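Report on one structure; see the data block that follows.
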Amino acid sequence: MRTKTLSAVLAGCAFLAAGQASVADGGFVLGAAPKPAFLYFSSKKDGGWTQAFDEARPKIEAAIGVKIPFVENVAEDALQIRPAAEKFIQRGYNVIIGTAFGYSDTFKQLAEKYPKVAFLDGSGTVNAVNLQSFYGRTYESQYLCGMAAAAASKTGKLGFVAANPFGPVIWTVNAFEMGALKIRPDATTTVIYTGAWNDPVKERAAATALADQGIDAIGQHVDTPTPQIVAQERGIYGTGHHRDFREFAPKATVCSSVWTWDKYLAPALKTIKAGEWKTEPYGAFAGIKGGATDIACCGPAVSKPNVDKIMAERKAIIDGKHVYAGPLSDREGKERVAAGAVLADGDLWKMDWYVTGVITQK
Amino acid sequence: MMEFLIAWWANVPEAAAAYALAALGLLLCERSGVLNLTAEGLMLVGAMAAMGAALQIEGYPGMALVVGMLAAALVSLLFALLVVTLRVNQVIAGLAIVFFCQGFTQLLGVMFDWQNHPVPGLLPVRIPLLADMPIIGRVLFEQNGVVYLIVPIFFAVQWVLHQTRAGLRLRSVGENPEAADAAGVSVPLVRFGAIVAGSALIGLAGGLLSVGGVKMWFPDMAGGRGWIAVALVIFARWQPWRALAGAVLFGCIESLVPRIAAAGIRVPQYFMLMTPYVITLVVMAWTAWKGRSRSSEPGALGQPFSREERR
């Protein structure tokens, strides 16, 4: 999603501000059996974000026993979102699932215009009685990816190709490094921001530059698998984002942070069906346990003891371990999370600091 | 430090190649008096068609690039039809072609499922003996085939423009189409030829991005590089060697930006991301300051030619 630049500014405040009044009066009951429909932000074969939704779709269909239609390439533009959604609503679809940050405002208007229709929006930022934005705690899966990258690395010098520095990206970068430190106390993560979500030419230049510096494991939070392909060409390792990137770089990719939206959406749709749906005023924000993200792990470059360590951490996270648990200081030495506390969701969204071991530009 | 410089310079030719090819193609076209803004769109066509061909005929990346060139040349016929035959405003026609190509390549590429399929693509060719030289060997003689090809293409463009009768006709059509017309040169034919030949080079630049560089195809993967090529031609003042120098300058910056971050040098990253555009402005201002005396800007650039109309 190229859109997340804007959400840098908005995500934090929107999550805090949205929907406080609207949810106060209680739950939402759908008049009829749920008939969901998807609006995809890009093509269903985009290899990443949207394809993860499309791969979850048949599983959701099986779970709730309803066919789910979709429409592709609905750009983040009210003139495209509105007719696409309304066409579904007029044909009797009463749960509209969006997949982009930039749908937020239009979905908010639609939710007011159609109070009997339920709206869900992946990576959206607004909420109402009948509108739920949802996103994943990607720092959990990226923490485990950092462990896998450090386990595969021979030098302990890790790299990371990311789009733009703001909360949801910075939390993956920090988590990646913290995971790496768990395996190798000397691990460092050098980050390159490309300034774009979908510029494979810049991603290749970034990954090549990292490899030229002797870095031998490259994590990523951009939309194309280009960094993994570079890693494969250079005979080094990497970790993917969105989907299992072993599809593109079977030798190089040792772990991927993946979306498992069926595990979040199928139960959500069942709750809607049961008439017990209550939207969360600050957005649904699920991790591995809540079914939004998980890992596809591990490649052969990760040794068996390390695989066991990664899986043990995964289990600990499911059992309630918070990656951002105190005491935690940033690389300047300022305390960010006090001992015994965990970082609040609001602070996650506005994260603008790095842990020790992350090497970035200013 | 030396290692850093060599690794950086070794990446410059490939980063510069797409800019150089696109700029030379645009220059060829614009010297005939047709203002060409289609580069971004035609690069997308070249990138998509070349990848489509690379996926169909495995193992011949050269063939794939030729397909990319042909596809871009084919689409440019539409542009030529608009601006030469129908005499549509060249700025508007150029922008329309870019938007058309953005939608069209996405539609076709997704329909045929060409997205996200890595190909082996163009591999670096090591030139024996020369590649063994210190520094220069790695920087200049371990590049992919198209990078080497730019040298003959550059001299060919230079030679055609300045040493051949065809080049003379092309330039005269660009400078003063009425005079060329009176001298018996077919203005529409020359402009058609210039557009198609130039667009083939732009298509090659696009193919180089997908099959040569990234080795995968994504919608909209040109990422604004076509527009930079348009700017390059302007600040090169329509002279091939300056276009080439400008392309190398941009190649240097584009490959330096991630390297500064990779080396852990802490400079403000937004400053780094804006450097190419700052340099564009600086060079533009500098060339304007130096005066237009050495510019080769065609006199009739952007003006449709109609035999019956007086200007």
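Chain labels A, B, ... are given in the sequence in which chains occur in the structure tokens; within each chain residues are numbered consecutively from 1, and ligands are likewise numbered from 1 in the order shown.
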
Report task. Restrict the distance test to only C-alpha atoms, flag each residue of chain B within 7 Å of chain A, and return the flagged residues as a VMD selection string. Result -> chain B and resid 7 115 to 116 118 214 221 223 255 258 to 259 261 to 269

Please produce a file of those selected residues containing N, CA and C atoms, as a PDB file, in the first residue's frame.
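Result file is result.pdb:
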```
ATOM      1  N   ALA B   7      32.129  -0.157  -5.599  1.00  0.00           N
ATOM      2  CA  ALA B   7      30.815  -0.783  -5.630  1.00  0.00           C
ATOM      3  C   ALA B   7      29.761   0.212  -6.117  1.00  0.00           C
ATOM      4  N   GLN B 115       2.566 -10.581 -13.824  1.00  0.00           N
ATOM      5  CA  GLN B 115       3.074  -9.933 -12.629  1.00  0.00           C
ATOM      6  C   GLN B 115       3.733 -10.967 -11.712  1.00  0.00           C
ATOM      7  N   ASN B 116       4.796 -10.546 -11.040  1.00  0.00           N
ATOM      8  CA  ASN B 116       5.387 -11.393 -10.013  1.00  0.00           C
ATOM      9  C   ASN B 116       5.936 -12.718 -10.501  1.00  0.00           C
ATOM     10  N   PRO B 118       9.464 -13.984 -11.605  1.00  0.00           N
ATOM     11  CA  PRO B 118      10.858 -13.629 -11.866  1.00  0.00           C
ATOM     12  C   PRO B 118      11.395 -14.355 -13.100  1.00  0.00           C
ATOM     13  N   VAL B 214      15.089  -5.194 -12.716  1.00  0.00           N
ATOM     14  CA  VAL B 214      14.302  -5.816 -11.651  1.00  0.00           C
ATOM     15  C   VAL B 214      14.114  -7.313 -11.876  1.00  0.00           C
ATOM     16  N   MET B 221       5.817   0.350 -13.067  1.00  0.00           N
ATOM     17  CA  MET B 221       7.150   0.184 -12.490  1.00  0.00           C
ATOM     18  C   MET B 221       8.148   1.242 -12.961  1.00  0.00           C
ATOM     19  N   GLY B 223       7.922   4.265 -12.489  1.00  0.00           N
ATOM     20  CA  GLY B 223       8.058   5.090 -11.290  1.00  0.00           C
ATOM     21  C   GLY B 223       8.542   6.511 -11.541  1.00  0.00           C
ATOM     22  N   SER B 255      22.156   5.616  -7.569  1.00  0.00           N
ATOM     23  CA  SER B 255      22.784   4.484  -6.899  1.00  0.00           C
ATOM     24  C   SER B 255      23.518   4.916  -5.633  1.00  0.00           C
ATOM     25  N   PRO B 258      20.819   4.999  -1.860  1.00  0.00           N
ATOM     26  CA  PRO B 258      20.705   3.873  -0.926  1.00  0.00           C
ATOM     27  C   PRO B 258      22.045   3.486  -0.304  1.00  0.00           C
ATOM     28  N   ARG B 259      23.153   3.751  -1.030  1.00  0.00           N
ATOM     29  CA  ARG B 259      24.469   3.346  -0.522  1.00  0.00           C
ATOM     30  C   ARG B 259      24.891   4.147   0.700  1.00  0.00           C
ATOM     31  N   ALA B 261      22.841   5.234   2.923  1.00  0.00           N
ATOM     32  CA  ALA B 261      22.109   4.631   4.031  1.00  0.00           C
ATOM     33  C   ALA B 261      22.725   3.293   4.415  1.00  0.00           C
ATOM     34  N   ALA B 262      23.098   2.490   3.405  1.00  0.00           N
ATOM     35  CA  ALA B 262      23.652   1.158   3.676  1.00  0.00           C
ATOM     36  C   ALA B 262      24.970   1.256   4.425  1.00  0.00           C
ATOM     37  N   ALA B 263      25.731   2.326   4.158  1.00  0.00           N
ATOM     38  CA  ALA B 263      27.011   2.477   4.831  1.00  0.00           C
ATOM     39  C   ALA B 263      26.831   3.041   6.237  1.00  0.00           C
ATOM     40  N   GLY B 264      25.577   3.353   6.598  1.00  0.00           N
ATOM     41  CA  GLY B 264      25.312   3.840   7.942  1.00  0.00           C
ATOM     42  C   GLY B 264      25.702   5.289   8.141  1.00  0.00           C
ATOM     43  N   ILE B 265      25.857   6.024   7.035  1.00  0.00           N
ATOM     44  CA  ILE B 265      26.174   7.451   7.157  1.00  0.00           C
ATOM     45  C   ILE B 265      24.890   8.199   7.463  1.00  0.00           C
ATOM     46  N   ARG B 266      24.909   8.975   8.530  1.00  0.00           N
ATOM     47  CA  ARG B 266      23.651   9.575   8.985  1.00  0.00           C
ATOM     48  C   ARG B 266      23.443  10.959   8.413  1.00  0.00           C
ATOM     49  N   VAL B 267      22.764  11.007   7.287  1.00  0.00           N
ATOM     50  CA  VAL B 267      22.327  12.290   6.746  1.00  0.00           C
ATOM     51  C   VAL B 267      20.808  12.238   6.693  1.00  0.00           C
ATOM     52  N   PRO B 268      20.152  13.389   6.730  1.00  0.00           N
ATOM     53  CA  PRO B 268      18.687  13.363   6.718  1.00  0.00           C
ATOM     54  C   PRO B 268      18.176  12.659   5.467  1.00  0.00           C
ATOM     55  N   GLN B 269      17.316  11.636   5.650  1.00  0.00           N
ATOM     56  CA  GLN B 269      16.969  10.802   4.510  1.00  0.00           C
ATOM     57  C   GLN B 269      16.081  11.500   3.492  1.00  0.00           C
TER      58      GLN B 269
END
```

Query raised in the report: Among region 42-269 of chain A, which ones does DSSP place in helix (DSSP H, G or I), written as number ranges by chain?
Result: A: 49-64, 78-90, 101-113, 138-152, 167-183, 200-212, 226-234, 245-247, 262-269

Query raised in the report: So which residues touch Leu189 (chain B) within 10 Å, counting only C-alpha atoms, skipping near sequence neighbours fewer than 4 positions away, as a PyMOL selection string?
Result: chain B and resi 80+84-85+170+185+193-195

Requested in this report: Skip Gly124 (chain A) itself and residues of its chain fewer than 2 positions away, then list as JSON, numbers by chain all residues within 7 Å of it, counting only C-alpha atoms.
Outcome: {"A": [100, 101, 103, 104, 121, 122, 126, 133, 134]}

**Report entry** Point-to-point distance in Å for CA of Ile260 (chain B) and CA of Pro13 (chain B)
**Finding:** 18.1 Å

Would you kindly return, as a compact mmCIF listing (two decimals) with N, CA, C and O atoms, in the first residue's frame, each protein, DNA or RNA residue with an atom no farther than 8 Å from any atom of Arg243 (chain A), considering only C-alpha atoms and excluding same-chain residues fewer than 6 positions away?
```
# COMPACT_ATOMS: atom_id res chain seq x y z
N GLY A 47 0.77 -10.16 -5.64
CA GLY A 47 1.91 -10.82 -5.01
C GLY A 47 2.06 -10.48 -3.54
O GLY A 47 2.90 -11.05 -2.86
N GLY A 48 1.26 -9.56 -3.03
CA GLY A 48 1.43 -9.14 -1.65
C GLY A 48 0.13 -8.88 -0.94
O GLY A 48 -0.71 -9.77 -0.78
N TRP A 49 -0.07 -7.64 -0.53
CA TRP A 49 -1.17 -7.21 0.32
C TRP A 49 -2.53 -7.72 -0.19
O TRP A 49 -3.25 -8.40 0.54
N ALA A 52 -2.98 -11.52 -0.50
CA ALA A 52 -3.19 -12.17 0.80
C ALA A 52 -4.69 -12.19 1.13
O ALA A 52 -5.20 -13.18 1.67
N SER A 256 8.84 -15.44 6.51
CA SER A 256 8.04 -14.33 5.99
C SER A 256 6.97 -13.98 7.01
O SER A 256 6.37 -14.86 7.62
N SER A 257 6.74 -12.68 7.16
CA SER A 257 5.60 -12.21 7.94
C SER A 257 4.40 -12.23 7.00
O SER A 257 4.40 -11.59 5.97
N VAL A 258 3.40 -13.03 7.33
CA VAL A 258 2.27 -13.21 6.40
C VAL A 258 0.97 -12.75 7.04
O VAL A 258 0.84 -12.71 8.26
N TRP A 259 0.03 -12.39 6.18
CA TRP A 259 -1.31 -12.05 6.65
C TRP A 259 -2.17 -13.31 6.67
O TRP A 259 -2.11 -14.10 5.74
```
